Amino acid sequence: MVKTSRYSIPAYSYLSDSSSKLGQLIQHGNRLRELESQLTAHLGAPLNQHCRIANYANNTLTLHTDSPGWAAKLRFITPDILNFMRNKCHLSEIKTVRIRIIIPDTKPAKTAKHLTLSQTTADHIKEVA
């Protein structure tokens, strides 16, 4: 049986306490997730599959996209995004939308190569051994 001190504080209390740094970080992450859900619904397919909210701080919304083409499309509709965020998401203080291109890692997965020996090579190894 594990004894707990009367001074121990459950971990969840740190996560829900808005006065702690960890609690503030959790709340900020939850707010970003909520904003992204609203924005992706607003943008619609296929653009919403290529746009993620990276952050919202200092009156700037930062979006990440996965190619220059989608970045151009987002820049073209920036006034619409600003209007949506101000009016529907209640971010009246938003002034800028920053768009960053984050290209996904597309390195092919390494596959194991099966090496084989020719019969001649196998015979040579046997002779040397």
# chains A, B, ... in the order shown; residues from 1 in each chain; ligands from 1

call {"tool": "select_by_dssp", "arguments": {"residues": "region 49-116 of chain A", "states": "strand (DSSP E or B)", "output": "ChimeraX atom specification"}}
result
/A:51-57,60-65,96-101

call {"tool": "residues_around", "arguments": {"residues": "region 35-52 of chain A", "least_positions_apart": "5", "cutoff": "10 Å", "atoms": "only C-alpha atoms", "output": "list in words"}}
result
Gly29, Asn30, Thr62, Leu63, His64, Thr65, Asp66, Ser67, Trp70, Ala71, Lys73, Leu74, Ile77, Asp80, Ile81, Phe84, Met85, Lys88, Cys89, Leu91, Ile99, Arg100 and Ile101 of chain A

call {"tool": "atom_distance", "arguments": {"atom1": "CA of Ile26 (chain A)", "atom2": "CA of Pro104 (chain A)"}}
result
25.6 Å

call {"tool": "closest_residue", "arguments": {"among": "A:Ala54, A:Ser92, A:Val97, A:Asp105", "to": "Pro79 (chain A)", "atoms": "only C-alpha atoms"}}
result
A:Val97

call {"tool": "atom_distance", "arguments": {"atom1": "CA of Arg98 (chain A)", "atom2": "CA of Lys21 (chain A)"}}
result
25.5 Å

call {"tool": "atom_distance", "arguments": {"atom1": "CA of Lys95 (chain A)", "atom2": "CA of Ser20 (chain A)"}}
result
27.9 Å

call {"tool": "select_by_dssp", "arguments": {"residues": "region 20-120 of chain A", "states": "alpha helix (DSSP H)", "output": "MDAnalysis selection string"}}
result
chainID A and resid 21:43 68:76 78:87 119:120

call {"tool": "decode", "arguments": {"residues": "region 84-110 of chain A", "atoms": "N, CA and C atoms", "output": "PDB file, in the first residue's frame"}}
result
ATOM      1  N   PHE A  84     -13.236  35.895 -40.535  1.00  0.00           N
ATOM      2  CA  PHE A  84     -13.799  34.741 -39.834  1.00  0.00           C
ATOM      3  C   PHE A  84     -13.303  34.679 -38.393  1.00  0.00           C
ATOM      4  N   MET A  85     -12.011  34.860 -38.198  1.00  0.00           N
ATOM      5  CA  MET A  85     -11.442  34.781 -36.854  1.00  0.00           C
ATOM      6  C   MET A  85     -11.960  35.905 -35.960  1.00  0.00           C
ATOM      7  N   ARG A  86     -12.092  37.082 -36.521  1.00  0.00           N
ATOM      8  CA  ARG A  86     -12.571  38.220 -35.722  1.00  0.00           C
ATOM      9  C   ARG A  86     -14.044  38.063 -35.349  1.00  0.00           C
ATOM     10  N   ASN A  87     -14.862  37.656 -36.303  1.00  0.00           N
ATOM     11  CA  ASN A  87     -16.305  37.647 -36.080  1.00  0.00           C
ATOM     12  C   ASN A  87     -16.857  36.339 -35.533  1.00  0.00           C
ATOM     13  N   LYS A  88     -16.388  35.227 -36.023  1.00  0.00           N
ATOM     14  CA  LYS A  88     -16.946  33.928 -35.612  1.00  0.00           C
ATOM     15  C   LYS A  88     -16.183  33.283 -34.454  1.00  0.00           C
ATOM     16  N   CYS A  89     -14.888  33.561 -34.366  1.00  0.00           N
ATOM     17  CA  CYS A  89     -14.069  32.942 -33.308  1.00  0.00           C
ATOM     18  C   CYS A  89     -13.785  33.902 -32.171  1.00  0.00           C
ATOM     19  N   HIS A  90     -14.335  35.107 -32.260  1.00  0.00           N
ATOM     20  CA  HIS A  90     -14.224  36.111 -31.196  1.00  0.00           C
ATOM     21  C   HIS A  90     -12.779  36.513 -30.898  1.00  0.00           C
ATOM     22  N   LEU A  91     -11.977  36.626 -31.936  1.00  0.00           N
ATOM     23  CA  LEU A  91     -10.597  37.112 -31.805  1.00  0.00           C
ATOM     24  C   LEU A  91     -10.525  38.507 -32.420  1.00  0.00           C
ATOM     25  N   SER A  92     -11.214  39.440 -31.804  1.00  0.00           N
ATOM     26  CA  SER A  92     -11.305  40.791 -32.363  1.00  0.00           C
ATOM     27  C   SER A  92      -9.952  41.494 -32.425  1.00  0.00           C
ATOM     28  N   GLU A  93      -9.005  41.061 -31.603  1.00  0.00           N
ATOM     29  CA  GLU A  93      -7.700  41.717 -31.562  1.00  0.00           C
ATOM     30  C   GLU A  93      -6.727  41.204 -32.618  1.00  0.00           C
ATOM     31  N   ILE A  94      -7.117  40.200 -33.386  1.00  0.00           N
ATOM     32  CA  ILE A  94      -6.208  39.641 -34.395  1.00  0.00           C
ATOM     33  C   ILE A  94      -5.925  40.684 -35.473  1.00  0.00           C
ATOM     34  N   LYS A  95      -4.639  40.805 -35.823  1.00  0.00           N
ATOM     35  CA  LYS A  95      -4.231  41.792 -36.826  1.00  0.00           C
ATOM     36  C   LYS A  95      -3.560  41.151 -38.032  1.00  0.00           C
ATOM     37  N   THR A  96      -2.893  40.039 -37.815  1.00  0.00           N
ATOM     38  CA  THR A  96      -2.112  39.441 -38.893  1.00  0.00           C
ATOM     39  C   THR A  96      -2.305  37.938 -38.944  1.00  0.00           C
ATOM     40  N   VAL A  97      -2.157  37.413 -40.148  1.00  0.00           N
ATOM     41  CA  VAL A  97      -2.097  35.972 -40.360  1.00  0.00           C
ATOM     42  C   VAL A  97      -0.741  35.701 -40.990  1.00  0.00           C
ATOM     43  N   ARG A  98       0.041  34.872 -40.334  1.00  0.00           N
ATOM     44  CA  ARG A  98       1.363  34.483 -40.840  1.00  0.00           C
ATOM     45  C   ARG A  98       1.242  33.055 -41.357  1.00  0.00           C
ATOM     46  N   ILE A  99       1.748  32.832 -42.551  1.00  0.00           N
ATOM     47  CA  ILE A  99       1.664  31.509 -43.171  1.00  0.00           C
ATOM     48  C   ILE A  99       3.072  30.967 -43.359  1.00  0.00           C
ATOM     49  N   ARG A 100       3.296  29.778 -42.837  1.00  0.00           N
ATOM     50  CA  ARG A 100       4.596  29.118 -42.935  1.00  0.00           C
ATOM     51  C   ARG A 100       4.425  27.793 -43.670  1.00  0.00           C
ATOM     52  N   ILE A 101       5.401  27.493 -44.503  1.00  0.00           N
ATOM     53  CA  ILE A 101       5.376  26.228 -45.235  1.00  0.00           C
ATOM     54  C   ILE A 101       6.242  25.232 -44.479  1.00  0.00           C
ATOM     55  N   ILE A 102       5.646  24.149 -44.082  1.00  0.00           N
ATOM     56  CA  ILE A 102       6.342  23.063 -43.407  1.00  0.00           C
ATOM     57  C   ILE A 102       6.172  21.827 -44.287  1.00  0.00           C
ATOM     58  N   ILE A 103       7.207  21.519 -45.018  1.00  0.00           N
ATOM     59  CA  ILE A 103       7.124  20.388 -45.946  1.00  0.00           C
ATOM     60  C   ILE A 103       7.303  19.100 -45.149  1.00  0.00           C
ATOM     61  N   PRO A 104       6.356  18.165 -45.306  1.00  0.00           N
ATOM     62  CA  PRO A 104       6.460  16.919 -44.547  1.00  0.00           C
ATOM     63  C   PRO A 104       7.667  16.100 -44.986  1.00  0.00           C
ATOM     64  N   ASP A 105       8.164  15.333 -44.065  1.00  0.00           N
ATOM     65  CA  ASP A 105       9.299  14.458 -44.336  1.00  0.00           C
ATOM     66  C   ASP A 105       8.832  13.342 -45.273  1.00  0.00           C
ATOM     67  N   THR A 106       9.378  13.308 -46.463  1.00  0.00           N
ATOM     68  CA  THR A 106       8.925  12.329 -47.456  1.00  0.00           C
ATOM     69  C   THR A 106      10.011  11.324 -47.811  1.00  0.00           C
ATOM     70  N   LYS A 107      10.954  11.140 -46.901  1.00  0.00           N
ATOM     71  CA  LYS A 107      11.997  10.161 -47.161  1.00  0.00           C
ATOM     72  C   LYS A 107      11.366   8.775 -47.214  1.00  0.00           C
ATOM     73  N   PRO A 108      11.759   7.995 -48.207  1.00  0.00           N
ATOM     74  CA  PRO A 108      11.185   6.648 -48.268  1.00  0.00           C
ATOM     75  C   PRO A 108      11.658   5.802 -47.088  1.00  0.00           C
ATOM     76  N   ALA A 109      10.796   4.966 -46.652  1.00  0.00           N
ATOM     77  CA  ALA A 109      11.151   4.093 -45.536  1.00  0.00           C
ATOM     78  C   ALA A 109      12.250   3.134 -45.973  1.00  0.00           C
ATOM     79  N   LYS A 110      13.166   2.914 -45.072  1.00  0.00           N
ATOM     80  CA  LYS A 110      14.254   2.005 -45.389  1.00  0.00           C
ATOM     81  C   LYS A 110      13.715   0.585 -45.382  1.00  0.00           C
TER      82      LYS A 110
END
